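Source file: model.txt. Holds: compact mmCIF, C-alpha atoms.
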# COMPACT_ATOMS: atom_id res chain seq x y z
CA MET A 1 -17.72 3.62 -19.21
CA LEU A 2 -18.80 5.58 -16.16
CA LEU A 3 -18.21 9.31 -16.42
CA PRO A 4 -16.32 10.81 -13.47
CA ARG A 5 -18.28 13.09 -11.24
CA PRO A 6 -16.56 16.35 -10.28
CA MET A 7 -15.39 16.16 -6.68
CA SER A 8 -17.15 19.45 -5.95
CA ALA A 9 -20.44 17.79 -6.95
CA LEU A 10 -19.89 14.57 -5.00
CA SER A 11 -21.00 14.92 -1.40
CA PRO A 12 -18.60 13.41 1.16
CA GLN A 13 -21.72 12.04 2.85
CA LEU A 14 -22.29 9.79 -0.17
CA LEU A 15 -18.80 8.33 0.30
CA VAL A 16 -19.47 7.78 3.99
CA ALA A 17 -22.81 6.10 3.26
CA ALA A 18 -21.25 3.84 0.63
CA ALA A 19 -18.73 2.52 3.16
CA GLN A 20 -21.06 2.22 6.12
CA GLN A 21 -23.79 0.47 4.14
CA THR A 22 -21.49 -2.13 2.57
CA LEU A 23 -18.66 -2.61 5.09
CA GLY A 24 -20.65 -2.39 8.34
CA MET A 25 -23.16 -5.14 7.62
CA GLY A 26 -24.13 -7.86 10.08
CA LYS A 27 -22.18 -7.90 13.33
CA ARG A 28 -19.42 -5.65 12.00
CA ARG A 29 -19.37 -2.13 13.32
CA SER A 30 -19.60 0.53 10.61
CA PRO A 31 -16.37 2.45 10.09
CA PRO A 32 -16.51 5.99 11.52
CA ARG A 33 -16.98 8.93 9.17
CA ALA A 34 -13.32 9.94 9.14
CA ALA A 35 -12.21 6.38 8.34
CA CYS A 36 -14.77 6.17 5.51
CA LEU A 37 -13.48 9.34 3.87
CA HIS A 38 -9.85 8.34 4.30
CA LEU A 39 -10.59 4.93 2.76
CA ALA A 40 -12.21 6.56 -0.26
CA GLY A 41 -9.17 8.79 -0.63
CA GLU A 42 -6.82 5.81 -0.45
CA VAL A 43 -8.86 3.95 -3.06
CA LEU A 44 -8.66 6.96 -5.37
CA ALA A 45 -4.90 7.17 -4.76
CA VAL A 46 -4.57 3.55 -5.92
CA VAL A 47 -6.61 4.34 -9.05
CA ARG A 48 -4.40 7.36 -9.81
CA GLY A 49 -1.22 5.32 -9.34
CA LEU A 50 0.00 7.20 -6.27
CA LYS A 51 0.31 3.89 -4.39
CA PRO A 52 0.24 0.36 -5.83
CA ALA A 53 -2.09 -1.09 -3.19
CA LEU A 54 -3.86 -0.45 0.08
CA LEU A 55 -4.30 -2.92 2.92
CA TYR A 56 -7.85 -2.83 4.27
CA ASP A 57 -7.86 -2.71 8.07
CA CYS A 58 -10.93 -0.67 9.08
CA ASN A 59 -12.89 -3.67 10.41
CA CYS A 60 -13.36 -7.39 9.66
CA ALA A 61 -15.08 -6.92 6.29
CA GLY A 62 -14.02 -9.54 3.76
CA ALA A 63 -13.50 -9.60 0.01
CA SER A 64 -17.20 -9.84 -0.85
CA GLU A 65 -18.04 -6.77 1.26
CA LEU A 66 -15.11 -4.87 -0.24
CA GLN A 67 -16.32 -5.83 -3.70
CA ASN A 68 -19.76 -4.41 -2.88
CA TYR A 69 -18.11 -1.25 -1.57
CA LEU A 70 -16.02 -0.67 -4.68
CA GLU A 71 -19.01 -1.34 -6.92
CA GLU A 72 -20.99 1.20 -4.90
CA LEU A 73 -18.24 3.76 -5.52
CA GLN A 74 -18.41 2.98 -9.21
CA GLY A 75 -22.17 3.46 -9.17
CA LEU A 76 -21.60 6.94 -7.71
CA GLY A 77 -19.24 7.76 -10.57
CA PHE A 78 -16.37 8.04 -8.10
CA LEU A 79 -14.35 5.29 -9.79
CA THR A 80 -14.04 4.96 -13.54
CA GLN A 81 -11.99 1.77 -13.83
CA GLY A 82 -11.93 -1.72 -12.43
CA LEU A 83 -10.00 -2.64 -9.30
CA HIS A 84 -8.89 -5.98 -7.89
CA ILE A 85 -9.14 -7.39 -4.37
CA LEU A 86 -6.19 -9.66 -3.56
CA GLU A 87 -6.53 -11.89 -0.50
CA ILE A 88 -3.29 -13.02 1.16
CA GLY A 89 -3.15 -14.75 4.52
CA GLY A 90 -6.64 -13.62 5.54
CA ASN A 91 -5.87 -10.00 4.61
CA SER A 92 -7.43 -8.04 1.76
CA LEU A 93 -5.52 -5.64 -0.45
CA ILE A 94 -7.15 -3.35 -3.01
CA VAL A 95 -4.96 -2.98 -6.09
CA SER A 96 -4.99 -1.54 -9.57
CA LEU A 97 -3.75 -4.48 -11.65
CA GLU A 98 -1.99 -2.21 -14.11
CA HIS A 99 -0.18 -0.13 -11.52
CA VAL A 100 0.74 -2.97 -9.17
CA CYS A 101 2.18 -5.06 -12.01
CA GLN A 102 4.28 -2.11 -13.17
CA HIS A 103 5.51 -1.64 -9.62
CA LEU A 104 6.41 -5.31 -9.12
CA GLU A 105 8.28 -5.39 -12.42
CA GLN A 106 10.40 -2.47 -11.19
CA VAL A 107 10.99 -4.31 -7.91
CA LEU A 108 12.42 -7.25 -9.85
CA LEU A 109 14.73 -4.82 -11.62
CA GLY A 110 16.14 -3.67 -8.27
CA SER A 111 14.18 -0.47 -7.64
CA ILE A 112 13.96 -1.10 -3.89
CA ALA A 113 16.28 -2.27 -1.12
CA PHE A 114 15.56 -4.41 1.92
CA VAL A 115 16.63 -4.15 5.54
CA ASP A 116 17.31 -7.48 7.26
CA VAL A 117 16.24 -7.19 10.89
CA SER A 118 16.60 -10.87 11.84
CA SER A 119 17.05 -11.33 15.58
CA SER A 120 20.17 -13.45 15.01
CA GLN A 121 22.21 -10.40 14.00
CA PRO A 122 23.27 -7.57 16.29
CA HIS A 123 22.30 -4.75 13.93
CA PRO A 124 20.03 -4.28 10.88
CA SER A 125 21.72 -4.62 7.51
CA VAL A 126 20.90 -3.66 3.92
CA CYS A 127 20.40 -6.34 1.30
CA SER A 128 19.12 -6.53 -2.27
CA LEU A 129 16.47 -8.73 -3.85
CA ASP A 130 19.24 -10.71 -5.58
CA GLN A 131 20.43 -11.75 -2.12
CA LEU A 132 16.92 -12.98 -1.28
CA GLN A 133 16.31 -15.55 -4.00
CA ASP A 134 13.23 -17.09 -2.36
CA LEU A 135 11.64 -13.65 -2.11
CA LYS A 136 12.60 -12.88 -5.71
CA ALA A 137 10.88 -16.06 -6.88
CA LEU A 138 7.83 -15.22 -4.78
CA THR A 139 7.63 -11.72 -6.29
CA ALA A 140 7.77 -13.24 -9.77
CA GLU A 141 5.00 -15.66 -8.77
CA ILE A 142 2.77 -12.79 -7.63
CA ILE A 143 3.41 -10.90 -10.90
CA THR A 144 2.48 -13.97 -12.93
CA HIS A 145 -0.74 -14.36 -10.95
CA LEU A 146 -1.74 -10.71 -11.37
CA GLN A 147 -0.75 -10.49 -15.04
CA GLY A 148 -2.96 -13.48 -15.75
CA LEU A 149 -5.89 -11.59 -14.25
CA GLN A 150 -5.20 -8.57 -16.47
CA ARG A 151 -6.20 -10.59 -19.51
CA ASP A 152 -9.82 -10.68 -18.32
CA LEU A 153 -11.02 -7.21 -17.43
CA SER A 154 -14.69 -7.94 -18.04
CA LEU A 155 -15.54 -7.61 -14.34
CA ALA A 156 -15.47 -4.10 -12.92
CA VAL A 157 -14.22 -5.39 -9.55
CA SER A 158 -12.46 -8.77 -9.46
CA CYS A 159 -11.15 -10.93 -6.61
CA SER A 160 -8.49 -13.61 -6.19
CA SER A 161 -6.41 -15.17 -3.44
CA LEU A 162 -2.88 -16.47 -3.03
CA GLY A 163 -1.65 -19.16 -0.66
CA SER A 164 0.77 -17.80 1.90
CA SER A 165 1.43 -20.44 4.55
CA ASP A 166 5.22 -20.02 4.36
CA TRP A 167 5.44 -16.38 3.31
CA ASN A 168 6.95 -13.53 5.26
CA LEU A 169 3.82 -11.37 5.07
CA CYS A 170 5.61 -8.36 6.60
CA THR A 171 7.99 -8.28 3.63
CA VAL A 172 5.38 -9.20 1.01
CA PHE A 173 3.03 -6.46 2.18
CA GLY A 174 5.91 -3.98 2.28
CA ILE A 175 6.59 -4.73 -1.38
CA LEU A 176 2.95 -4.58 -2.47
CA LEU A 177 2.27 -1.36 -0.56
CA GLY A 178 5.11 0.36 -2.38
CA TYR A 179 7.60 0.85 0.43
CA PRO A 180 11.03 1.68 -1.01
CA VAL A 181 12.78 -0.20 1.82
CA PRO A 182 10.73 -3.09 3.27
CA TYR A 183 11.90 -5.01 6.31
CA THR A 184 12.72 -8.69 6.05
CA PHE A 185 13.79 -11.35 8.54
CA HIS A 186 14.27 -15.11 8.84
CA LEU A 187 10.95 -16.74 9.63
CA ASN A 188 12.60 -19.68 11.40
CA GLN A 189 13.67 -17.26 14.14
CA GLY A 190 10.12 -16.25 15.03
CA ASP A 191 8.76 -12.72 15.03
CA ASP A 192 11.64 -11.23 17.03
CA ASN A 193 13.84 -8.60 15.40
CA CYS A 194 16.87 -6.48 16.21
CA LEU A 195 15.12 -3.08 16.08
CA ALA A 196 14.63 -2.62 19.83
CA LEU A 197 16.15 0.68 21.01
CA THR A 198 17.36 1.34 17.45
CA PRO A 199 16.82 4.94 16.27
CA LEU A 200 14.41 4.74 13.34
CA ARG A 201 13.79 7.41 10.74
CA VAL A 202 10.02 7.31 10.12
CA PHE A 203 8.87 8.68 6.74
CA THR A 204 5.33 9.91 6.20
CA ALA A 205 3.81 10.97 2.87
CA GLN A 206 0.46 12.78 2.98
CA ILE A 207 -1.57 14.58 0.33
CA SER A 208 -4.56 16.92 0.47
CA TRP A 209 -7.85 15.84 -0.99
CA LEU A 210 -11.28 16.97 0.28
CA LEU A 211 -11.51 20.56 1.47
CA GLY A 212 -11.78 20.72 5.24
CA GLN A 213 -10.75 17.08 5.72
CA PRO A 214 -7.42 15.71 7.00
CA PRO A 215 -4.91 14.76 4.31
CA VAL A 216 -4.80 11.22 2.95
CA LEU A 217 -1.91 9.16 4.31
CA LEU A 218 -0.20 7.61 1.28
CA TYR A 219 2.83 6.04 2.97
CA SER A 220 4.27 5.50 6.43
CA PHE A 221 7.43 3.42 6.85
CA SER A 222 10.72 3.53 8.69
CA VAL A 223 14.39 2.74 8.15
CA PRO A 224 17.14 2.45 10.76
CA ASP A 225 18.73 5.87 10.97
CA SER A 226 22.22 4.33 10.92
CA LEU A 227 21.45 2.94 7.45
CA PHE A 228 19.97 6.15 6.07
CA PRO A 229 23.19 7.22 4.25
CA ALA A 230 23.35 3.85 2.46
CA LEU A 231 19.66 4.08 1.52
CA ARG A 232 19.60 7.77 0.60
CA ASP A 233 19.67 7.19 -3.18
CA ILE A 234 16.82 4.65 -3.06
CA LEU A 235 14.73 6.99 -0.90
CA ASN A 236 15.47 10.03 -3.09
CA THR A 237 14.45 8.09 -6.20
CA TRP A 238 11.23 6.98 -4.51
CA GLU A 239 10.40 10.56 -3.51
CA LYS A 240 11.17 11.92 -6.99
CA ASP A 241 8.99 9.26 -8.60
CA LEU A 242 6.10 9.93 -6.21
CA ARG A 243 6.26 13.67 -6.86
CA THR A 244 6.28 13.02 -10.61
CA ARG A 245 3.18 10.82 -10.36
CA CYS A 246 1.43 13.42 -8.23
CA ARG A 247 1.90 15.99 -11.00
CA THR A 248 0.10 13.76 -13.51
CA GLN A 249 -3.27 13.89 -11.72
CA ASN A 250 -5.71 16.54 -10.56
CA ASP A 251 -7.59 14.91 -7.65
CA PHE A 252 -4.93 15.50 -4.99
CA ALA A 253 -2.63 18.41 -4.17
CA ASP A 254 0.06 19.58 -1.75
CA LEU A 255 2.09 16.39 -1.32
CA SER A 256 4.00 16.50 1.97
CA ILE A 257 6.85 14.10 2.77
CA SER A 258 8.36 14.36 6.25
CA SER A 259 10.54 12.29 8.58
CA GLU A 260 11.27 12.09 12.28
CA ILE A 261 13.57 10.00 14.46
CA VAL A 262 11.98 7.68 17.01
CA THR A 263 13.45 5.08 19.35
CA LEU A 264 11.22 2.37 20.80
CA PRO A 265 11.86 -0.35 23.42
CA ALA A 266 10.30 -2.90 21.05
CA VAL A 267 9.15 -2.82 17.42
CA ALA A 268 6.38 -5.07 16.14
CA LEU A 269 6.45 -5.87 12.42
Produce structure tokens that represent the structure in this file.
Amino acid sequence: MLLPRPMSALSPQLLVAAAQQTLGMGKRRSPPRAACLHLAGEVLAVVRGLKPALLYDCNCAGASELQNYLEELQGLGFLTQGLHILEIGGNSLIVSLEHVCQHLEQVLLGSIAFVDVSSSQPHPSVCSLDQLQDLKALTAEIITHLQGLQRDLSLAVSCSSLGSSDWNLCTVFGILLGYPVPYTFHLNQGDDNCLALTPLRVFTAQISWLLGQPPVLLYSFSVPDSLFPALRDILNTWEKDLRTRCRTQNDFADLSISSEIVTLPAVAL
């Protein structure tokens, strides 16, 4: 097992070099320094169980480049456990199999709510996973896939992919990224939604990491402000759980959770 290196002894420049040398190969532009450090912080947050997954969106690097990147971090002693790269619909998510499976099991037990923003209805509405049987079956399918991978932890960094031709990726990613209230909508109505000019309460969770660097963004999601009273208990439980998990680790400090109201002429999901 790799021994963790104290953060005070690990130069941020090593983290930047690890990302730029593995993710900026070929015709891809290397991620800027700030993005490299934030990515490393997000990866560490996944390892520590502060978020179940992160969606890689720095550049067009694929699973093989991400695998090289994570293995480079392990070689530095930055990571001390294996991670998994899950490809869905041409997108790559970095997950801790243990933590993401625990999260998805709680989702099946009703730990989160959903907001239906289908364009066919005049206003957003709250619904549960039991009202979305196709999505419930899909969540169970993802758990089965990931639990099967847990049985073989011989590889430090593993990869797999899931077919997603008829999935609502907006909702699936919301679940996997740990949002307490993902959006959902009917795919047969296109990408339109009923959020235009709807006041949204945007929640942001950030946490301090490297001295002198911006905080790591753990979560950013929104809920219609009109539905906030109905969702208050779900959101309070999510915040309490996140604060509890933050107290069980020593890499991050000063968790900040804030919200603001925004109204936009159009909302892309």
Could you list, as a list of chain:residue names, every residue within 7 Å of A:Leu55, counting only C-alpha atoms and ignoring same-chain residues fewer than 6 positions away?
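Result of the neighbour search: A:Ser92, A:Leu93, A:Ile94.
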Using only C-alpha atoms, pick whichever of A:Leu44, A:Leu109, A:Ala266, A:Val126 has the shortest atom-to-atom distance to A:Leu197.
A:Ala266
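Proximity to A:Ala18 was assessed for A:Asp233, A:Arg33, A:Leu73, A:Leu50 counting all atoms listed in the file; the smallest distance is recorded for A:Leu73.
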From the options A:Ile175, A:Ile261, A:Ala53, A:Val202, which residue's atoms come nearest to A:Ala113, counting all atoms listed in the file?
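The shortest atom-to-atom distance to A:Ala113 comes from A:Ile175.
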For a cut-off of 9 Å around (-15.7, -1.9, -1.7), file coordinates, pick out all residues using only C-alpha atoms and list them as a PyMOL selection string.
chain A and resi 18-19+22-23+63-73+85+94+157
Do you know which residues are at most 9 Å from A:Leu255 counting all atoms listed in the file, after dropping those on the same chain fewer than 2 positions away, and could you put them as a short mmCIF file (atom, residue, chain, number, x, y, z; two decimals) with C-alpha atoms, in the coordinates of the input?
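Once written, around-v4.cif looks like this:
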data_model
loop_
_atom_site.label_atom_id
_atom_site.label_comp_id
_atom_site.auth_asym_id
_atom_site.auth_seq_id
_atom_site.Cartn_x
_atom_site.Cartn_y
_atom_site.Cartn_z
CA ALA A 205 3.81 10.97 2.87
CA GLN A 206 0.46 12.78 2.98
CA ILE A 207 -1.57 14.58 0.33
CA SER A 208 -4.56 16.92 0.47
CA ARG A 243 6.26 13.67 -6.86
CA CYS A 246 1.43 13.42 -8.23
CA PHE A 252 -4.93 15.50 -4.99
CA ALA A 253 -2.63 18.41 -4.17
CA ILE A 257 6.85 14.10 2.77
#
Nearest-residue call for A:Asn193, choices A:Gln249, A:Ser119, A:Gln21, A:Gln13, using all atoms listed in the file:
A:Ser119
At most 10 Å from (-7.1, 11.3, -9.2), file frame, all atoms listed in the file: which residues, as number ranges by chain?
A: 7, 41, 43-50, 78-79, 209, 246, 248-253
Selected residue of minimal separation from A:Pro224 among A:His99, A:Arg201, A:Lys51, A:Lys240, counting all atoms listed in the file
A:Arg201
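Distance annotation: of A:Gln147, A:Thr80, A:Val115, A:Gly212, the residue with the minimal separation from A:Glu98 is A:Gln147; atom set is all atoms listed in the file.
For A:Gly178, the non-local neighbours within 9 Å, defined as residues at least 6 positions apart in the same chain or in other chains and counting only C-alpha atoms, are Lys51, Pro52, Ala53, Val100, His103, Leu104 and Tyr219 of chain A.
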Can you pull out every residue within 9 Å of A:Leu135, counting all atoms listed in the file, but drop anything in the same chain fewer than 5 positions away, and send it as a PDB file with C-alpha atoms, in the coordinates of the input?
ATOM      1  CA  LEU A 129      16.470  -8.730  -3.850  1.00  0.00           C
ATOM      2  CA  ASP A 130      19.240 -10.710  -5.580  1.00  0.00           C
ATOM      3  CA  ALA A 140       7.770 -13.240  -9.770  1.00  0.00           C
ATOM      4  CA  TRP A 167       5.440 -16.380   3.310  1.00  0.00           C
ATOM      5  CA  ASN A 168       6.950 -13.530   5.260  1.00  0.00           C
ATOM      6  CA  THR A 171       7.990  -8.280   3.630  1.00  0.00           C
ATOM      7  CA  VAL A 172       5.380  -9.200   1.010  1.00  0.00           C
TER       8      VAL A 172
END
Find the distance between atom CA of A:Thr263 and atom CA of A:Trp238 and write it in Å to one decimal.
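Between these atoms lies a distance of 24.0 Å.
Taking atom CA of A:Phe185 as the reference point, atom CA of A:Cys170 is found at 8.9 Å.
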